[in-house]
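So this one's structure_4.txt, compact mmCIF, C-alpha atoms:
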# COMPACT_ATOMS: atom_id res chain seq x y z
CA MET A 1 0.00 0.00 0.00
CA THR A 2 1.48 3.36 -1.09
CA LEU A 3 1.42 6.23 1.39
CA ARG A 4 -0.01 9.45 0.06
CA PRO A 5 2.26 12.51 0.40
CA HIS A 6 0.15 14.21 3.06
CA THR A 7 0.18 11.03 5.16
CA LEU A 8 3.97 10.89 4.87
CA VAL A 9 4.27 14.55 5.88
CA HIS A 10 2.06 13.94 8.92
CA ALA A 11 4.08 10.87 9.89
CA CYS A 12 7.37 12.79 9.68
CA ALA A 13 5.95 15.65 11.73
CA ALA A 14 4.53 13.27 14.34
CA ALA A 15 7.84 11.41 14.65
CA LEU A 16 9.75 14.68 15.03
CA ALA A 17 7.27 16.02 17.60
CA ALA A 18 7.29 12.79 19.63
CA GLY A 19 11.08 12.63 19.65
CA CYS A 20 11.46 16.27 20.65
CA LEU A 21 8.84 16.07 23.39
CA GLY A 22 10.42 12.90 24.76
CA ALA A 23 13.91 14.40 24.73
CA THR A 24 12.70 17.58 26.44
CA LEU A 25 10.89 15.66 29.17
CA TRP A 26 13.91 13.43 29.70
CA HIS A 27 16.54 16.19 29.91
CA GLY A 28 14.34 18.92 31.35
CA ILE A 29 13.78 22.46 30.15
CA ALA A 30 16.84 24.69 29.86
CA GLU A 31 16.60 28.48 30.23
CA ARG A 32 13.04 28.29 31.50
CA GLY A 33 12.57 32.05 31.42
CA ALA A 34 13.28 32.23 27.71
CA ALA A 35 11.17 29.15 27.03
CA LEU A 36 8.24 30.69 28.93
CA ALA A 37 8.58 34.07 27.21
CA PHE A 38 8.65 32.63 23.70
CA GLY A 39 5.92 30.12 24.58
CA VAL A 40 3.65 32.96 25.73
CA LEU A 41 4.45 34.89 22.55
CA VAL A 42 3.51 31.94 20.32
CA ALA A 43 0.36 31.23 22.34
CA VAL A 44 -0.76 34.87 22.10
CA GLY A 45 -0.09 34.78 18.37
CA GLU A 46 -2.39 31.79 18.08
CA LEU A 47 -5.04 33.45 20.24
CA VAL A 48 -5.25 36.44 17.88
CA ARG A 49 -5.29 34.25 14.77
CA TYR A 50 -7.58 35.51 12.00
CA HIS A 51 -9.80 32.87 10.40
CA GLY A 52 -11.71 35.02 7.94
CA PRO A 53 -15.39 34.54 7.06
CA ARG A 54 -16.93 31.15 7.57
CA PRO A 55 -17.57 28.99 4.49
CA HIS A 56 -20.57 29.95 2.41
CA ALA A 57 -21.54 32.86 4.58
CA GLY A 58 -24.84 34.12 3.29
CA ARG A 59 -25.40 31.26 0.88
CA ARG A 60 -29.12 30.91 0.17
CA PRO A 61 -30.88 27.53 0.12
CA GLY A 62 -31.45 27.67 -3.62
CA ASP A 63 -27.81 28.23 -4.47
CA GLY A 64 -26.62 24.64 -4.38
CA ALA A 65 -23.81 23.43 -6.63
CA PRO A 66 -24.33 20.99 -9.50
CA PRO A 67 -24.53 17.31 -8.58
CA GLY A 68 -21.11 15.76 -8.12
CA ALA A 69 -19.24 19.02 -7.84
CA GLY A 70 -18.26 18.39 -4.21
CA PRO A 71 -17.80 21.06 -1.55
CA GLN A 72 -17.54 24.52 -3.00
CA PRO A 73 -15.30 27.53 -2.39
CA ARG A 74 -15.34 29.67 0.67
CA ASN A 75 -16.69 33.18 0.54
CA GLY A 76 -14.03 35.84 0.74
CA PRO A 77 -10.32 35.93 0.00
CA ARG A 78 -7.92 33.24 1.05
CA ILE A 79 -6.01 33.80 4.28
CA ARG A 80 -2.38 32.86 3.73
CA GLN A 81 -0.83 34.22 6.95
CA ALA A 82 -3.40 34.26 9.71
CA ALA A 83 -1.04 34.13 12.72
CA PRO A 84 2.10 36.11 11.82
CA LEU A 85 3.06 36.79 15.43
CA ALA A 86 3.08 33.08 16.29
CA ALA A 87 5.10 32.30 13.16
CA ALA A 88 7.69 35.01 13.87
CA GLY A 89 8.00 34.02 17.53
CA SER A 90 8.48 30.36 16.63
CA LEU A 91 11.24 31.13 14.14
CA ALA A 92 12.93 33.61 16.49
CA TYR A 93 13.12 30.98 19.24
CA ALA A 94 14.61 28.49 16.78
CA LEU A 95 17.35 31.04 15.97
CA LEU A 96 17.97 32.21 19.53
CA GLY A 97 21.65 31.95 20.43
CA GLU A 98 21.98 34.43 23.25
CA ALA A 99 19.61 36.18 25.64
CA GLY A 100 20.83 39.44 27.10
CA GLY A 101 24.42 38.64 26.15
CA ARG A 102 24.43 35.22 27.81
CA PRO A 103 24.65 32.06 25.65
CA SER A 104 21.62 29.77 25.62
CA HIS A 105 21.70 25.99 25.57
CA HIS A 106 18.10 24.98 24.95
CA GLY A 107 18.75 22.97 21.77
CA ALA A 108 16.61 22.07 18.77
CA ALA A 109 14.44 19.49 20.56
CA GLN A 110 13.29 22.01 23.16
CA VAL A 111 12.47 24.55 20.43
CA VAL A 112 10.10 22.14 18.69
CA ALA A 113 8.53 21.00 21.99
CA VAL A 114 7.90 24.55 23.28
CA VAL A 115 6.52 25.81 19.96
CA LEU A 116 4.19 22.84 19.55
CA ALA A 117 2.90 23.03 23.15
CA ALA A 118 2.37 26.80 22.90
CA SER A 119 0.59 26.48 19.55
CA LEU A 120 -1.81 23.91 20.97
CA LEU A 121 -2.39 25.95 24.14
CA GLY A 122 -3.15 29.12 22.17
CA SER A 123 -5.55 27.19 19.94
CA VAL A 124 -7.78 26.00 22.82
CA PRO A 125 -10.34 28.85 22.43
CA HIS A 126 -10.50 28.22 18.69
CA ILE A 127 -11.05 24.50 19.32
CA GLY A 128 -14.00 25.44 21.54
CA ARG A 129 -15.50 27.32 18.58
CA GLY A 130 -14.88 24.43 16.22
CA ARG A 131 -12.02 26.16 14.42
CA GLY A 132 -9.01 24.51 15.99
CA PRO A 133 -5.66 23.77 14.36
CA THR A 134 -5.63 21.26 11.53
CA ARG A 135 -3.15 18.43 11.18
CA ASP A 136 -1.71 19.97 8.04
CA ARG A 137 -0.99 23.29 9.76
CA LEU A 138 0.55 21.65 12.82
CA ALA A 139 2.66 19.40 10.60
CA ARG A 140 3.94 22.35 8.62
CA ARG A 141 4.65 24.37 11.77
CA THR A 142 6.53 21.45 13.35
CA LEU A 143 8.63 20.63 10.29
CA THR A 144 9.43 24.25 9.43
CA VAL A 145 10.51 25.20 12.94
CA GLY A 146 12.36 21.91 13.28
CA PHE A 147 14.23 22.59 10.05
CA VAL A 148 15.43 26.01 11.24
CA ALA A 149 16.32 24.77 14.72
CA VAL A 150 18.28 21.78 13.43
CA CYS A 151 20.19 24.01 11.00
CA PHE A 152 21.13 26.55 13.68
CA GLN A 153 21.17 25.17 17.23
CA PRO A 154 23.69 22.29 16.89
CA LEU A 155 26.19 24.49 15.02
CA TYR A 156 25.72 27.31 17.49
CA GLY A 157 26.27 24.90 20.39
CA ARG A 158 29.59 23.82 18.87
CA GLY A 159 30.75 27.43 18.59
CA THR A 160 30.67 27.50 14.78
CA PHE A 161 29.24 31.03 14.70
CA ASP A 162 31.42 32.53 17.44
CA ASP A 163 33.58 34.43 14.94
CA TRP A 164 30.66 35.70 12.89
CA GLY A 165 30.29 39.47 13.24
CA GLY A 166 27.01 41.42 13.51
CA PRO A 167 26.22 41.80 9.78
CA ALA A 168 27.32 38.24 9.00
CA HIS A 169 25.21 36.82 11.83
CA ALA A 170 22.15 38.83 10.72
CA LEU A 171 22.64 37.64 7.15
CA LEU A 172 22.85 34.06 8.38
CA LEU A 173 19.53 34.40 10.20
CA LEU A 174 17.84 35.91 7.14
CA VAL A 175 19.16 33.11 4.90
CA LEU A 176 17.89 30.41 7.27
CA LEU A 177 14.51 32.11 7.57
CA SER A 178 14.23 32.46 3.80
CA LEU A 179 15.01 28.76 3.40
CA SER A 180 12.33 27.98 5.99
CA ALA A 181 9.85 30.06 3.98
CA LEU A 182 10.65 28.07 0.84
CA CYS A 183 10.39 24.83 2.80
CA ASP A 184 6.96 25.77 4.11
CA ALA A 185 5.75 26.83 0.66
CA VAL A 186 6.76 23.46 -0.78
CA LEU A 187 5.08 21.60 2.10
CA ALA A 188 1.87 23.57 1.64
CA ALA A 189 1.85 22.85 -2.10
CA VAL A 190 2.53 19.14 -1.54
CA LEU A 191 -0.31 18.89 0.97
CA ALA A 192 -2.73 20.72 -1.34
CA HIS A 193 -1.75 18.56 -4.31
CA SER A 194 -2.03 15.35 -2.29
CA ARG A 195 -5.44 16.11 -0.82
CA THR A 196 -7.15 17.63 -3.86
CA GLY A 197 -5.32 16.39 -6.94
CA TRP A 198 -4.75 19.96 -8.11
CA PRO A 199 -1.78 20.29 -10.51
CA PHE A 200 1.35 20.82 -8.43
CA PRO A 201 3.15 23.57 -10.45
CA PRO A 202 0.37 26.22 -10.25
CA VAL A 203 -0.23 25.43 -6.58
CA LEU A 204 3.46 25.89 -5.85
CA ARG A 205 3.47 29.14 -7.84
CA ASP A 206 0.60 30.43 -5.71
CA GLU A 207 2.50 29.57 -2.53
CA LEU A 208 5.69 31.25 -3.76
CA ARG A 209 3.77 34.36 -4.78
CA ALA A 210 2.40 34.54 -1.23
CA LEU A 211 5.88 34.82 0.31
CA PRO A 212 6.31 38.61 -0.18
CA GLY A 213 4.16 40.99 1.79
CA ILE A 214 3.30 39.85 5.28
CA GLY A 215 5.43 36.74 4.78
CA ALA A 216 8.49 38.94 4.34
CA ALA A 217 7.45 40.87 7.45
CA VAL A 218 7.38 37.63 9.43
CA VAL A 219 10.87 36.67 8.22
CA ALA A 220 12.28 40.10 9.04
CA THR A 221 10.57 40.24 12.44
CA GLY A 222 11.78 36.76 13.36
CA ALA A 223 15.37 37.75 12.62
CA VAL A 224 15.07 41.06 14.49
CA MET A 225 13.53 39.31 17.50
CA ALA A 226 16.39 36.84 17.70
CA LEU A 227 18.97 39.62 17.41
CA GLY A 228 17.10 41.96 19.78
CA VAL A 229 16.77 39.36 22.54
CA ALA A 230 20.46 38.51 22.16
CA VAL A 231 21.38 42.15 22.90
CA VAL A 232 18.80 43.53 25.34
CA GLY A 233 17.14 40.38 26.65
CA LEU A 234 13.57 39.13 26.69
CA TRP A 235 12.15 42.65 27.13
CA ALA A 236 12.67 43.08 23.39
CA LEU A 237 9.88 40.62 22.57
CA PRO A 238 6.83 42.78 23.45
CA LEU A 239 8.38 45.84 21.82
CA LEU A 240 9.17 44.04 18.57
CA SER A 241 5.74 42.41 18.50
CA VAL A 242 3.86 45.70 18.16
CA SER A 243 4.77 46.30 14.53
CA LEU A 244 3.70 42.83 13.49
CA LEU A 245 0.40 43.13 15.37
CA LEU A 246 -0.27 46.39 13.53
CA ALA A 247 0.56 44.68 10.23
CA GLN A 248 -1.84 41.88 11.11
CA LEU A 249 -4.58 44.42 11.87
CA SER A 250 -3.99 46.07 8.50
CA TYR A 251 -4.12 42.69 6.82
CA ARG A 252 -7.47 41.96 8.48
CA ARG A 253 -8.86 45.21 7.15
CA TYR A 254 -7.55 44.40 3.69
CA ALA A 255 -9.18 40.96 3.85
CA ALA A 256 -12.44 42.57 4.97
CA VAL A 257 -12.33 44.98 2.02
CA ARG A 258 -11.69 42.09 -0.36
CA ALA A 259 -14.59 40.14 1.13
CA THR A 260 -16.87 43.15 0.77
CA TYR A 261 -15.76 43.62 -2.83
CA ARG A 262 -16.58 40.00 -3.60
CA GLN A 263 -19.96 40.24 -1.90
CA THR A 264 -20.72 43.34 -3.96
CA ILE A 265 -20.01 41.45 -7.17
CA ALA A 266 -22.16 38.56 -5.99
CA SER A 267 -24.99 41.01 -5.26
CA LEU A 268 -24.69 42.48 -8.75
CA ALA A 269 -24.81 38.98 -10.20
CA ARG A 270 -28.07 38.31 -8.35
CA ALA A 271 -29.72 41.18 -10.20
CA THR A 272 -30.57 38.83 -13.07
CA GLU A 273 -32.26 36.44 -10.63
CA ILE A 274 -34.23 39.21 -8.93
CA ALA A 275 -35.37 40.48 -12.33
CA GLY A 276 -36.49 36.97 -13.29
CA CYS A 277 -33.99 36.69 -16.15
CA THR A 278 -32.19 33.64 -14.77
CA PRO A 279 -33.12 30.85 -12.34
CA ALA A 280 -32.21 31.18 -8.68
CA GLY A 281 -28.66 30.13 -7.90
CA HIS A 282 -27.55 29.83 -11.54
CA ALA A 283 -24.74 32.41 -11.32
CA ARG A 284 -23.49 30.97 -8.04
CA ARG A 285 -23.46 27.42 -9.38
CA VAL A 286 -21.62 28.47 -12.53
CA ALA A 287 -19.05 30.41 -10.49
CA ASP A 288 -18.42 27.55 -8.07
CA LEU A 289 -18.05 24.93 -10.75
CA SER A 290 -15.99 27.23 -13.00
CA ARG A 291 -13.51 27.76 -10.18
CA SER A 292 -13.19 24.02 -9.64
CA VAL A 293 -12.63 23.44 -13.35
CA GLY A 294 -10.10 26.27 -13.49
CA ARG A 295 -8.24 24.77 -10.54
CA ASP A 296 -8.20 21.38 -12.25
CA MET A 297 -6.79 22.99 -15.40
CA GLY A 298 -3.94 24.60 -13.49
CA LEU A 299 -5.01 28.24 -13.29
CA THR A 300 -3.24 30.25 -10.63
CA GLU A 301 -5.02 32.03 -7.79
CA PRO A 302 -5.22 35.50 -9.44
CA ASP A 303 -6.64 33.92 -12.60
CA LEU A 304 -9.13 31.90 -10.56
CA MET A 305 -10.38 35.07 -8.88
CA VAL A 306 -10.97 36.78 -12.23
CA LEU A 307 -12.64 33.61 -13.52
CA GLU A 308 -14.99 33.48 -10.55
CA TYR A 309 -16.02 37.12 -10.92
CA ALA A 310 -16.63 36.66 -14.65
CA ALA A 311 -18.69 33.53 -14.02
CA LEU A 312 -20.80 35.37 -11.44
CA MET A 313 -21.58 38.15 -13.92
CA HIS A 314 -21.71 36.15 -17.16
CA ASP A 315 -25.49 36.63 -17.60
CA ILE A 316 -25.73 40.27 -16.58
CA GLY A 317 -26.22 41.29 -20.23
CA GLN A 318 -29.73 39.85 -20.07
CA LEU A 319 -30.78 42.88 -18.04
CA SER A 320 -30.49 44.93 -21.25
CA LEU A 321 -32.92 42.73 -23.23
CA VAL A 322 -36.45 43.89 -24.00
CA ASP A 323 -37.74 40.32 -24.28
CA PRO A 324 -36.21 38.01 -21.65
CA VAL A 325 -34.72 34.68 -22.70
CA PRO A 326 -36.96 31.77 -21.61
CA ALA A 327 -35.51 30.38 -18.33
CA GLY A 328 -32.38 32.45 -19.02
CA ALA A 329 -31.00 29.64 -21.17
CA THR A 330 -28.58 31.44 -23.48
CA ALA A 331 -26.75 28.27 -24.57
CA ALA A 332 -29.67 27.33 -26.82
CA LEU A 333 -29.79 30.71 -28.60
CA PRO A 334 -28.26 31.37 -32.03
CA VAL A 335 -24.58 32.27 -31.90
CA GLN A 336 -25.15 35.87 -32.99
CA GLU A 337 -27.67 36.41 -30.22
CA GLN A 338 -25.30 34.89 -27.68
CA ARG A 339 -22.57 37.28 -28.79
CA ARG A 340 -24.89 40.26 -28.59
CA ILE A 341 -25.88 39.41 -25.02
CA ALA A 342 -22.23 38.83 -24.12
CA LEU A 343 -21.23 42.26 -25.47
CA LEU A 344 -24.10 43.88 -23.59
CA GLY A 345 -22.93 42.15 -20.42
CA GLY A 346 -19.35 43.30 -20.92
CA ALA A 347 -20.55 46.90 -21.30
CA VAL A 348 -22.48 46.63 -18.03
CA VAL A 349 -19.49 45.14 -16.20
CA ARG A 350 -17.19 47.92 -17.40
CA ARG A 351 -19.50 50.51 -15.82
CA THR A 352 -19.37 48.80 -12.42
CA GLY A 353 -15.67 49.50 -11.88
CA VAL A 354 -14.79 45.80 -11.76
CA ASP A 355 -11.43 44.62 -13.13
CA PRO A 356 -11.46 45.11 -16.96
CA LYS A 357 -10.26 41.51 -17.32
CA VAL A 358 -13.63 40.38 -16.01
CA ALA A 359 -15.46 42.43 -18.64
CA GLY A 360 -13.23 40.98 -21.34
CA ILE A 361 -14.10 37.43 -20.34
CA VAL A 362 -17.82 38.23 -20.22
CA GLU A 363 -17.64 39.76 -23.71
CA ARG A 364 -15.77 36.83 -25.23
CA GLN A 365 -17.71 33.94 -23.70
CA ALA A 366 -19.71 33.37 -26.93
CA GLU A 367 -16.80 33.46 -29.38
CA PRO A 368 -15.44 30.30 -31.08
CA HIS A 369 -13.48 28.44 -28.43
CA ARG A 370 -10.23 28.56 -30.41
CA GLU A 371 -10.29 32.37 -30.15
CA GLN A 372 -11.24 32.55 -26.48
CA PRO A 373 -8.95 32.93 -23.47
CA PRO A 374 -9.04 29.94 -21.08
CA ALA A 375 -11.39 31.65 -18.60
CA ALA A 376 -13.97 32.44 -21.29
CA ARG A 377 -13.85 28.83 -22.49
CA ILE A 378 -14.52 27.60 -18.97
CA VAL A 379 -17.45 29.97 -18.38
CA ARG A 380 -19.07 28.96 -21.67
CA VAL A 381 -18.81 25.21 -20.99
CA VAL A 382 -19.93 25.40 -17.37
CA ASN A 383 -22.84 27.72 -18.18
CA ALA A 384 -24.05 25.33 -20.89
CA TYR A 385 -23.69 22.39 -18.54
CA ASP A 386 -25.76 24.03 -15.80
CA GLU A 387 -28.51 25.02 -18.24
CA LYS A 388 -28.66 21.63 -19.94
CA SER A 389 -28.50 19.61 -16.72
CA ARG A 390 -31.30 21.71 -15.18
CA ALA A 391 -33.54 21.19 -18.20
CA GLY A 392 -32.82 17.46 -18.48
CA GLY A 393 -34.54 16.28 -15.33
CA PRO A 394 -33.11 13.47 -13.14
CA GLY A 395 -30.76 12.29 -15.87
CA GLY A 396 -29.85 15.84 -16.84
CA PRO A 397 -26.21 15.91 -15.66
CA LEU A 398 -25.17 12.85 -17.68
CA THR A 399 -27.14 13.97 -20.72
CA ALA A 400 -25.69 17.47 -20.51
CA LEU A 401 -22.14 16.17 -20.30
CA GLU A 402 -22.71 13.94 -23.31
CA GLU A 403 -24.11 16.85 -25.32
CA LEU A 404 -21.08 18.95 -24.42
CA ARG A 405 -18.77 16.20 -25.63
CA LEU A 406 -20.66 16.04 -28.90
CA GLY A 407 -20.24 19.81 -29.25
CA THR A 408 -16.45 19.81 -28.86
CA ALA A 409 -16.06 19.81 -32.63
CA GLY A 410 -17.14 23.44 -32.82
CA GLU A 411 -18.78 25.12 -29.83
CA TYR A 412 -16.95 23.92 -26.74
CA ALA A 413 -13.27 23.49 -25.92
CA PRO A 414 -12.50 19.74 -25.60
CA GLU A 415 -9.98 20.20 -22.79
CA VAL A 416 -12.53 22.15 -20.72
CA VAL A 417 -15.23 19.52 -21.23
CA GLU A 418 -12.87 16.76 -20.12
CA SER A 419 -11.80 18.80 -17.11
CA LEU A 420 -15.45 19.32 -16.22
CA ALA A 421 -16.00 15.55 -16.44
CA ARG A 422 -13.08 14.95 -14.06
CA VAL A 423 -14.40 17.51 -11.60
CA LEU A 424 -17.91 16.06 -11.63
CA SER A 425 -16.60 12.54 -11.14
CA GLY A 426 -14.53 13.68 -8.20
CA ALA A 427 -11.30 12.34 -9.72
CA ALA A 428 -9.56 15.68 -9.42
CA GLY A 429 -10.78 16.52 -5.91
CA ALA A 430 -13.03 19.34 -7.05
CA LYS A 431 -13.20 21.22 -3.80
CA GLU A 432 -11.56 24.31 -2.46
CA TYR A 433 -8.74 23.32 -0.11
CA GLY A 434 -9.21 25.44 2.98
CA ASP A 435 -6.51 23.78 5.06
CA GLY A 436 -3.63 24.98 2.98
CA TYR A 437 -4.77 28.58 2.88
CA ASP A 438 -7.27 29.39 5.55
CA ASP A 439 -4.92 28.69 8.41
CA GLY A 440 -1.59 29.82 7.04
CA GLY A 441 -0.31 30.14 10.53
CA SER A 442 3.09 28.52 10.04
CA ARG A 443 3.90 30.09 6.72
CA PRO A 444 6.79 32.45 7.31
Any chance you could put this one into structure tokens?
Amino acid sequence: MTLRPHTLVHACAAALAAGCLGATLWHGIAERGAALAFGVLVAVGELVRYHGPRPHAGRRPGDGAPPGAGPQPRNGPRIRQAAPLAAAGSLAYALLGEAGGRPSHHGAAQVVAVVLAASLLGSVPHIGRGRGPTRDRLARRTLTVGFVAVCFQPLYGRGTFDDWGGPAHALLLLVLLSLSALCDAVLAAVLAHSRTGWPFPPVLRDELRALPGIGAAVVATGAVMALGVAVVGLWALPLLSVSLLLAQLSYRRYAAVRATYRQTIASLARATEIAGCTPAGHARRVADLSRSVGRDMGLTEPDLMVLEYAALMHDIGQLSLVDPVPAGATAALPVQEQRRIALLGGAVVRRTGVDPKVAGIVERQAEPHREQPPAARIVRVVNAYDEKSRAGGPGGPLTALEELRLGTAGEYAPEVVESLARVLSGAAGAKEYGDGYDDGGSRP
């Protein structure tokens, strides 16, 4: 029996955690003051963790996804670094060589044990609310901190860095923290790929693109904490934590603005339902399934966001029609009429102030598939599938998929139809992977 990658990652993290906890209990805790200070810092960082909006906040009963599509995306933007203070404190403790000018001797095993215990302790209130730490996040935190500690503590204990001056020592810390960031990005991509079947390269690209910004702030703060404690002692920790807490507050506000922006687009998309132009939940179903298909085809996160917005607003051109389309089924209309509605929809989207890329996709959704960008191809196929499956009764999904396959000679892109079939069958894990993004707590 072959172990899946996420199972192997969990096993490695569990073995490392068990060994470090056992070694710490056997030898006792060295420098208890420093261990307590960093443990409190990590626990507080976990206490103030930001989870973002709950899945499907505001989803109406009639907005269900197509049969077989699996769980659907969360509302709101993805949270890639929800506990930056805990991450920075963990990495700073792993790189701690001196405290107030006195050498420390806590070792790599104690670092992992203290960080893991503090992370679990700080997560207790979240566990009570049903939003506790996941195995993936704890595994990543354990392996990332263990990697940094093993790279630094044994060499420091042997006196390897005694002759390193101030700039050289600071550069060493930044290099180790940067390597830990890359390590965590790879782990997150491996876990996402293993659990969902998403293509690995675009998932890894998304993780690497997430490293700048608050991730860079975590790396810099972790290095400054380690250096500050070495010079002035543990009193440096609360002072150096303020800037990161302010950055986290700003990030929360940014995430709230992004969530509001998305909800505004979803409200605009519902205008066709309120006006009776399209059936209830059609735009939401098309958006959810389009995102799953786009993920299966390897689109990156920015492209998936544009795709979702375009799918939500793909029918908004029907508001400009004098005579509404029966049941809002545009896939059955003549090609020229489809293009006219698409152009009308693009004109409406451009007036809303939404990203011009979204308007471009809406305008081009009725063009021949060889001339369309990938997002427009996906919206066209998924829209036709939802309309045909709804009109086909109990056997509608299978009939709709067969009709789409017959139409790959001219109307629909073959690769999109096959991707849709994989998503509906569940072979590609057509669900949004919250664990790799919603927690983000150990991503430096």
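Between Gly19 in chain A and the candidates A:Leu319, A:Ala384, A:Ala108, A:Ala170, the tightest atom-to-atom separation, counting only C-alpha atoms, involves A:Ala108.
Residue nearest His6 in chain A within the list A:Arg284, A:His193, A:Arg405, A:His314: A:His193 [criterion: smallest interatomic distance, only C-alpha atoms].
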message = List as a ChimeraX atom specification the protein and nucleic acid residues near Val48 in chain A, meaning an atom at most 9 Å away when only C-alpha atoms are counted, but skip any in the same chain fewer than 5 places from it.
response = /A:43,82-83,85,122
request  = Determine the nearest neighbour of Leu172 in chain A from the options A:Ala139, A:Ile378, A:Ala226, A:Leu120, counting all atoms listed in the file.
outcome  = A:Ala226
task = Counting only C-alpha atoms, find the residues whose atoms lie at most 12 Å from (17.1, 35.2, 8.6) (file coordinates) and write them out as a PyMOL selection string.
result = chain A and resi 88+91-92+94-96+148+151-152+167-181+216-227+444
task = Measure the distance from CA of Thr142 in chain A to CA of Trp235 in chain A in Å and round it to one decimal.
result = 25.9 Å
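CA of Leu182 in chain A is positioned 17.2 Å from CA of Ala13 in chain A.
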ask   = Within 12 Å of Ala37 in chain A, counting only C-alpha atoms, which residues qualify if same-chain residues fewer than 2 places away don't, as number ranges by chain?
value = A: 31-35, 39-44, 89-90, 92-93, 99, 114-115, 118, 229, 233-238
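Straight-line separation from CA of Leu244 in chain A to CA of Val186 in chain A: 24.3 Å.
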key: Near-range 333-337 of chain A list (10 Å; all atoms listed in the file; drop same-chain fewer than 6 positions) as number ranges by chain   = A: 325, 343, 366-368, 411
Output requested as a PDB file, in the coordinates of the input - range 301-312 of chain A, filled out with N, CA, C and O atoms.
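Dumped everything to part36.pdb:
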ATOM      1  N   GLU A 301      -4.021  31.388  -8.632  1.00  0.00           N
ATOM      2  CA  GLU A 301      -5.020  32.030  -7.790  1.00  0.00           C
ATOM      3  C   GLU A 301      -5.544  33.346  -8.355  1.00  0.00           C
ATOM      4  O   GLU A 301      -6.757  33.581  -8.350  1.00  0.00           O
ATOM      5  N   PRO A 302      -4.677  34.254  -8.855  1.00  0.00           N
ATOM      6  CA  PRO A 302      -5.220  35.500  -9.440  1.00  0.00           C
ATOM      7  C   PRO A 302      -6.146  35.219 -10.624  1.00  0.00           C
ATOM      8  O   PRO A 302      -7.180  35.875 -10.774  1.00  0.00           O
ATOM      9  N   ASP A 303      -5.779  34.257 -11.470  1.00  0.00           N
ATOM     10  CA  ASP A 303      -6.640  33.920 -12.600  1.00  0.00           C
ATOM     11  C   ASP A 303      -7.954  33.295 -12.146  1.00  0.00           C
ATOM     12  O   ASP A 303      -9.007  33.531 -12.753  1.00  0.00           O
ATOM     13  N   LEU A 304      -7.901  32.511 -11.084  1.00  0.00           N
ATOM     14  CA  LEU A 304      -9.130  31.900 -10.560  1.00  0.00           C
ATOM     15  C   LEU A 304     -10.077  32.963 -10.013  1.00  0.00           C
ATOM     16  O   LEU A 304     -11.299  32.847 -10.154  1.00  0.00           O
ATOM     17  N   MET A 305      -9.531  33.997  -9.410  1.00  0.00           N
ATOM     18  CA  MET A 305     -10.380  35.070  -8.880  1.00  0.00           C
ATOM     19  C   MET A 305     -11.102  35.799 -10.013  1.00  0.00           C
ATOM     20  O   MET A 305     -12.303  36.055  -9.938  1.00  0.00           O
ATOM     21  N   VAL A 306     -10.354  36.125 -11.072  1.00  0.00           N
ATOM     22  CA  VAL A 306     -10.970  36.780 -12.230  1.00  0.00           C
ATOM     23  C   VAL A 306     -12.011  35.872 -12.859  1.00  0.00           C
ATOM     24  O   VAL A 306     -13.102  36.320 -13.248  1.00  0.00           O
ATOM     25  N   LEU A 307     -11.690  34.585 -12.958  1.00  0.00           N
ATOM     26  CA  LEU A 307     -12.640  33.610 -13.520  1.00  0.00           C
ATOM     27  C   LEU A 307     -13.926  33.567 -12.702  1.00  0.00           C
ATOM     28  O   LEU A 307     -15.036  33.564 -13.262  1.00  0.00           O
ATOM     29  N   GLU A 308     -13.799  33.547 -11.397  1.00  0.00           N
ATOM     30  CA  GLU A 308     -14.990  33.480 -10.550  1.00  0.00           C
ATOM     31  C   GLU A 308     -15.862  34.717 -10.710  1.00  0.00           C
ATOM     32  O   GLU A 308     -17.087  34.624 -10.813  1.00  0.00           O
ATOM     33  N   TYR A 309     -15.242  35.898 -10.754  1.00  0.00           N
ATOM     34  CA  TYR A 309     -16.020  37.120 -10.920  1.00  0.00           C
ATOM     35  C   TYR A 309     -16.724  37.137 -12.277  1.00  0.00           C
ATOM     36  O   TYR A 309     -17.893  37.541 -12.383  1.00  0.00           O
ATOM     37  N   ALA A 310     -16.016  36.696 -13.327  1.00  0.00           N
ATOM     38  CA  ALA A 310     -16.630  36.660 -14.650  1.00  0.00           C
ATOM     39  C   ALA A 310     -17.784  35.670 -14.693  1.00  0.00           C
ATOM     40  O   ALA A 310     -18.827  35.936 -15.311  1.00  0.00           O
ATOM     41  N   ALA A 311     -17.611  34.534 -14.031  1.00  0.00           N
ATOM     42  CA  ALA A 311     -18.690  33.530 -14.020  1.00  0.00           C
ATOM     43  C   ALA A 311     -19.905  34.053 -13.250  1.00  0.00           C
ATOM     44  O   ALA A 311     -21.051  33.774 -13.631  1.00  0.00           O
ATOM     45  N   LEU A 312     -19.669  34.802 -12.180  1.00  0.00           N
ATOM     46  CA  LEU A 312     -20.800  35.370 -11.440  1.00  0.00           C
ATOM     47  C   LEU A 312     -21.602  36.347 -12.288  1.00  0.00           C
ATOM     48  O   LEU A 312     -22.829  36.423 -12.181  1.00  0.00           O
TER      49      LEU A 312
END
